[in-house]
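**Q** One structure is given below, represented as structure tokens, and several questions about it will come after.
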Amino acid sequence: LLTTTPDRQHNLPLGLTNFFGRKVEIARLSALVAERRLITLSGPGGVGKTRLALQVAERALGDFSGGVWLVELAALSDPALVAQSVAAALGVRDESGRPIEESLTSWLSPRQLLLVLDNCEHLLEECARLADRWLRGSARLHILATSREPLGIGGEAVFSVQSLPFPDPDSMPPFDRLNDYAALTLLVDRARLVVTDYQVAPQEAGTLARICQRLDGLPLAIELAAARLNILTAAELADRLDDAFGLLTSGSRSALPRQQTLRATLDWSYQLLSADQHRLLQRLSVFAGGWTLLAAEAVCSGAGLEPSAVLGELTSLVAKSMVSAERRPGVETRFYLLDTVRQYAQEKLQAARQAAPFQRRHRDFFASFAETSLAQLDTLDQPLWNQRFLVELDNFRQALDWSFNDEDDVAAGPRLVMLFTKRPIPCHSYREQLDWHMRALAHCDRHAGISAELHAQLLERASGLVGLNDPETAFDLARRAIEICRRLGPESQETLMWILYNTVDDFARSIHQNDQISALQAEAEAILQALGPGYYSSETWLRHQAAFATIRAEIAIWQGRYADAKVQAAEGIRLLEAGGSLWTQANPQTRLGMACYYLGEYQAARDHHLIALDLNRAVQAWEEPYNLRWLAATDIATGNLERALDYCLECIQLAKAMPDHNFIASSLGLLAAISAQHGQANRAARLAGASAAMWARQKRQPWEDSALDTLLPGWRNDSDQDSILQAFEQGQAMSADRAIALAFDDQAG
């Protein structure tokens with residue numbers, strides 16, 4: 001659960017267990033956070049760096065006007081995702097044409113905030129580089145990092161986190177003073193989580209103190225040990241710890257003592273497991289971000305572990321606190337490994353020479369999961385369907401990473417990129433999708449064993465992503481895809497048809513080459529007719545015919561043939577009367593609404609866009625902003641400015657979440673028109689400037705005419721013309737975030 005103040009000043013999690021001790025450390029760190037701009041909490045895994053950082057961050061909530069923001073890095077394996085994760089935590093969206101870290105640098109520059117970077121050690125170089133860049137670019141930014149190793153950059157204050165204090169078991173203090181020792185208090189508190197009526201007898205206190213001593217006061221080790229007090233007495237527990245420490249005698253003498261102590265705790269816990277539990281724990285380490293029982297049974301069974309045994313052994317691992325279980329009503333139980341336990345289990349899996357086979361099984365499971373769910377897209381509840389994919393995002397990333405390193409199947413990485421980013425799977429941000437496709441294309445260039453058809457499909461998909469920022473470069477990628485597919489022969493005709501279709505759909509408006517677009521559309525339609533109705537089922541044939549009628553309407557709209565567009569869109573609607581997904585039914589309704597708008601048939605335009613909006617909302621499709629934008633334009637044309645304002649703001653909200661800067665830019669232009677009609681000349685000019693700048697950054701022509709001469713006729717003769725021009729220039733200089741804020745500021749004149 002995340003707790004946020006009404007004005008969203010932080011994203012710090014609500015603690016589910018009690019925190020003990022460290023009052024002196026918290027006070028010292030709170031002072032350091034105020035004085036120094038980079039503090040790193042260093043120390044071994046399990047010493048409590050994260051919990052301490054969160055306590056300090058909570059104390060600092062009132063000290064930073066820009067808030068306090070936690071970025072959890074433990075689940076990441078790719079350094080390139082660090083900036084993405086920071087952006088997600090802060091709510092910073094991609095700015096078209098700019099790397100996300102540049103957008104973050106600009107966003108952070110004026111703000112006073114505390115950024116908590118948790119678990120940096122496995123991404124140390126990237127965290128150090130980004131922290132150095134952002135601190136140099138923002139005078140009021142403070143960073144609190146946790147890492148097993150300092151970041152090693154200038155100005156860093158390193159705070160070494162020590163173990164929790166425990167009493168000397170050979171010289172025990174009075175019984176009523178035991179609460180002064182945080183390690184002992186922690187041990188008793190966690191014991192009460194597994195034995196609710198657990199009580200400490202005076203004669204047992206020394207044994208508990210000895211347990212804390214043997215565990216060196218490390219919180220993680222204490223918590224793991226406390227879980228055993230449901231089956232062992234304190235004396236039995238202490239005896240087993242004595243045996244466990246003997247395992248370290250052959251370890252590296254150069255390792256830090258606390259690392260040895262944590263390993264002793266994990267080794268000890270591991271030795272208490274059965275052979276099947278050993279196998280299962282090792283194999284569970286291939287998951288990232290958790291897993292379901294179904295996933296565990298599919299990925300981890302075999303090679304000595306029967307599928308029917310997985311449930312029982314997983315239950316035992318949960319009971320022994322090696323695995324965590326998250327249970328919520330109406331949702332599948334989800335299981336997790338502590339990061340330290342996961343790393344430990346990965347080492348064991350590598351030592352057993354079993355990593356590669358189970359990484360492949362993990363990859364194949366999530367590929368099958370995606371394929372099966374895509375086939376069910378029209379029958380599952382859409383919000384639930386989306387959530388099923390979002391919760392597995394880290395597993396998809398993990399599978400993709402492994403697939404690019406699979407020497408036995410060089411096509412695995414590109415193949416999974418096509419699958420995991422297939423629209424409308426909501427698995428990745430725009431920037432991340434683009435990065436995966438660029439990586440896949442580079443991979444294709446390095447490996448001759450990847451099919452030309454797959455290469456062509458990747459080029460076309462990458463083209464659609466690049467097209468949001470750079471339509472000319474994107475069109476070149478699409479043409480490469482088409483050229484490759486044309487050489488492949490009859491077996492790839494359907495693939496060529498859809499590459500041609502998608503190219504026309506993506507570029508009918510943004511590439512001003514009407515003859516070429518029309519030729520590509522004609523080629524695609526010729527392939528469809530050549531394949532013929534005998535190639536498809538009757539329902540699929542009608543759906544494909546409707547899709548082509550809709551694309552003909554799209555071309556006609558952007559070529560100014562509005563009456564023809566109206567006929568084609570109506571034909572698409574007629575062909576889908578017998579069925580088709582809600583999303584496919586929405587498309588021709590949207591195009592018919594656009595055609596009616598340009599013909600001045602505003603009531604009909606509104607009716608069709610409302611139908612399309614309802615259909616798109618029913619499946620949470622990405623086209624909702626499209627309909628909202630056109631509804632706003634229609635209401636402006638008919639003078640219903642208040643309703644148009646509401647549509648514009650809703651469109652911006654949805655587009656910002658995607659993100660899609662086309663609809664943001666267009667809505668800003670429409671808001672400029674609304675402000676102009678309300679007599680707010682300066683606000684209209686500022687919004688128009690922001691819209692123009694956003695369109696320019698995307699290298700696209702605006703959807704509406706937001707020139708000052710159009711919005712404010714006669715402004716050049718206005719006594720306030722200098723102020724109006726200055727407002728327009730101010731809008732041009734705005735970042736996307738600032739422009740969006742202006743859109744929602746109804747007091748700005």
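Here's how to read the names in the structure tokens: chain A, B, ... by the order shown, residue numbers from 1 in each chain, ligand numbers from 1 in the order shown.
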Pick out each residue of stretch 176-390 of chain A that DSSP on the backbone tags as helix (DSSP H, G or I); I need them as a count of residues only.
**A** 149
**Q** Excluding A:Ser163 and residues on its chain fewer than 2 positions from it, collect all residues at most 9 Å away from it, counting only C-alpha atoms, and give them as a PDB file with N, CA, C and O atoms, in the first residue's frame.
**A**
ATOM      1  N   VAL A  47      21.218  -5.453   6.751  1.00  0.00           N
ATOM      2  CA  VAL A  47      21.525  -4.661   7.941  1.00  0.00           C
ATOM      3  C   VAL A  47      20.443  -3.635   8.249  1.00  0.00           C
ATOM      4  O   VAL A  47      20.432  -3.034   9.318  1.00  0.00           O
ATOM      5  N   GLY A  48      19.513  -3.413   7.315  1.00  0.00           N
ATOM      6  CA  GLY A  48      18.403  -2.495   7.576  1.00  0.00           C
ATOM      7  C   GLY A  48      18.549  -1.133   6.948  1.00  0.00           C
ATOM      8  O   GLY A  48      17.968  -0.159   7.428  1.00  0.00           O
ATOM      9  N   VAL A 161      25.886   1.989   8.112  1.00  0.00           N
ATOM     10  CA  VAL A 161      24.797   1.485   8.944  1.00  0.00           C
ATOM     11  C   VAL A 161      25.296   0.262   9.711  1.00  0.00           C
ATOM     12  O   VAL A 161      25.755  -0.715   9.123  1.00  0.00           O
ATOM     13  N   PRO A 165      21.924  -2.991  18.313  1.00  0.00           N
ATOM     14  CA  PRO A 165      22.592  -3.355  19.577  1.00  0.00           C
ATOM     15  C   PRO A 165      21.873  -4.502  20.290  1.00  0.00           C
ATOM     16  O   PRO A 165      20.656  -4.624  20.222  1.00  0.00           O
ATOM     17  N   ALA A 183      17.899  -5.096  18.907  1.00  0.00           N
ATOM     18  CA  ALA A 183      17.978  -6.426  18.303  1.00  0.00           C
ATOM     19  C   ALA A 183      17.093  -7.413  19.051  1.00  0.00           C
ATOM     20  O   ALA A 183      16.350  -8.194  18.439  1.00  0.00           O
ATOM     21  N   ASP A 216      24.894 -11.391  14.898  1.00  0.00           N
ATOM     22  CA  ASP A 216      25.585 -10.106  14.752  1.00  0.00           C
ATOM     23  C   ASP A 216      24.621  -8.929  14.694  1.00  0.00           C
ATOM     24  O   ASP A 216      24.947  -7.873  14.152  1.00  0.00           O
ATOM     25  N   GLY A 217      23.417  -9.092  15.216  1.00  0.00           N
ATOM     26  CA  GLY A 217      22.465  -7.992  15.263  1.00  0.00           C
ATOM     27  C   GLY A 217      21.904  -7.576  13.921  1.00  0.00           C
ATOM     28  O   GLY A 217      21.324  -6.486  13.794  1.00  0.00           O
ATOM     29  N   LEU A 218      22.037  -8.413  12.898  1.00  0.00           N
ATOM     30  CA  LEU A 218      21.523  -8.064  11.567  1.00  0.00           C
ATOM     31  C   LEU A 218      20.009  -8.277  11.521  1.00  0.00           C
ATOM     32  O   LEU A 218      19.521  -9.382  11.773  1.00  0.00           O
ATOM     33  N   PRO A 219      19.243  -7.252  11.190  1.00  0.00           N
ATOM     34  CA  PRO A 219      17.782  -7.378  11.201  1.00  0.00           C
ATOM     35  C   PRO A 219      17.240  -8.520  10.344  1.00  0.00           C
ATOM     36  O   PRO A 219      16.354  -9.254  10.774  1.00  0.00           O
ATOM     37  N   ARG A 258      30.247  -9.183   8.416  1.00  0.00           N
ATOM     38  CA  ARG A 258      28.784  -9.159   8.379  1.00  0.00           C
ATOM     39  C   ARG A 258      28.246  -9.890   7.157  1.00  0.00           C
ATOM     40  O   ARG A 258      27.145 -10.416   7.174  1.00  0.00           O
TER      41      ARG A 258
END
**Q** Got a sec: who's within 8 Å of A:Ser109, counting only C-alpha atoms, leaving out chain neighbours fewer than 6 positions off, as a VMD selection string?
**A** chain A and resid 134 137 to 141
**Q** Generate a file of the selected residues that holds N, CA, C and O atoms, formatted as a PDB file, in the first residue's frame.
**A**
ATOM      1  N   TRP A 134      22.380  14.811 -12.101  1.00  0.00           N
ATOM      2  CA  TRP A 134      21.220  15.526 -11.569  1.00  0.00           C
ATOM      3  C   TRP A 134      21.608  16.494 -10.450  1.00  0.00           C
ATOM      4  O   TRP A 134      21.039  17.575 -10.345  1.00  0.00           O
ATOM      5  N   GLY A 137      22.957  19.534 -11.945  1.00  0.00           N
ATOM      6  CA  GLY A 137      21.962  20.328 -12.672  1.00  0.00           C
ATOM      7  C   GLY A 137      20.870  20.917 -11.808  1.00  0.00           C
ATOM      8  O   GLY A 137      20.041  21.691 -12.293  1.00  0.00           O
ATOM      9  N   SER A 138      20.809  20.551 -10.523  1.00  0.00           N
ATOM     10  CA  SER A 138      19.747  21.041  -9.646  1.00  0.00           C
ATOM     11  C   SER A 138      20.340  21.400  -8.295  1.00  0.00           C
ATOM     12  O   SER A 138      20.777  20.522  -7.548  1.00  0.00           O
ATOM     13  N   ALA A 139      20.309  22.667  -7.973  1.00  0.00           N
ATOM     14  CA  ALA A 139      20.948  23.142  -6.733  1.00  0.00           C
ATOM     15  C   ALA A 139      20.167  22.759  -5.485  1.00  0.00           C
ATOM     16  O   ALA A 139      20.717  22.793  -4.379  1.00  0.00           O
ATOM     17  N   ARG A 140      18.892  22.393  -5.631  1.00  0.00           N
ATOM     18  CA  ARG A 140      18.076  22.110  -4.445  1.00  0.00           C
ATOM     19  C   ARG A 140      17.669  20.645  -4.337  1.00  0.00           C
ATOM     20  O   ARG A 140      16.872  20.286  -3.489  1.00  0.00           O
ATOM     21  N   LEU A 141      18.240  19.803  -5.193  1.00  0.00           N
ATOM     22  CA  LEU A 141      17.973  18.374  -5.121  1.00  0.00           C
ATOM     23  C   LEU A 141      18.853  17.732  -4.057  1.00  0.00           C
ATOM     24  O   LEU A 141      20.053  17.996  -3.976  1.00  0.00           O
TER      25      LEU A 141
END
**Q** For atom CA of A:Val194 and atom CA of A:Thr233, quote the distance in Å rounded to one decimal.
**A**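 So the two atoms, atom CA of A:Val194 and atom CA of A:Thr233, lie 13.0 Å apart.
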**Q** Find the residues around A:Gln203 up to 12 Å (only C-alpha atoms counted), leave out those fewer than 5 positions away in its own chain, and share them as a PyMOL selection string.
**A** chain A and resi 169+172+174-175+208-209+234-235
**Q** List every residue of stretch 325-419 of chain A that DSSP, applied to the backbone, labels as strand (DSSP E), and write the result as a PyMOL selection string.
**A** chain A and resi 325-328+331-336
**Q** Give me, as a ChimeraX atom specification, all polymer residues having an atom no more than 10 Å from stretch 311-328 of chain A, counting only C-alpha atoms and skipping those fewer than 3 positions away in the same chain.
**A** /A:194,223-228,230,266,269-270,272-274,276-281,284,290-294,296-297,305,307-308,331-338,341-342
**Q** Go through A:Leu38, A:Ala27, A:Cys651, A:Val68 one by one, measure the shortest atom-to-atom distance of each to A:Leu52 using only C-alpha atoms, and give the residue with the smallest value.
**A**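 Between A:Leu38, A:Ala27, A:Cys651, A:Val68, the residue approaching A:Leu52 most closely is A:Ala27.
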**Q** Hey, can you check how far atom CA of A:Ile724 sits from atom CA of A:Arg700?
**A**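 Computing it gives 24.7 Å between the two atoms.
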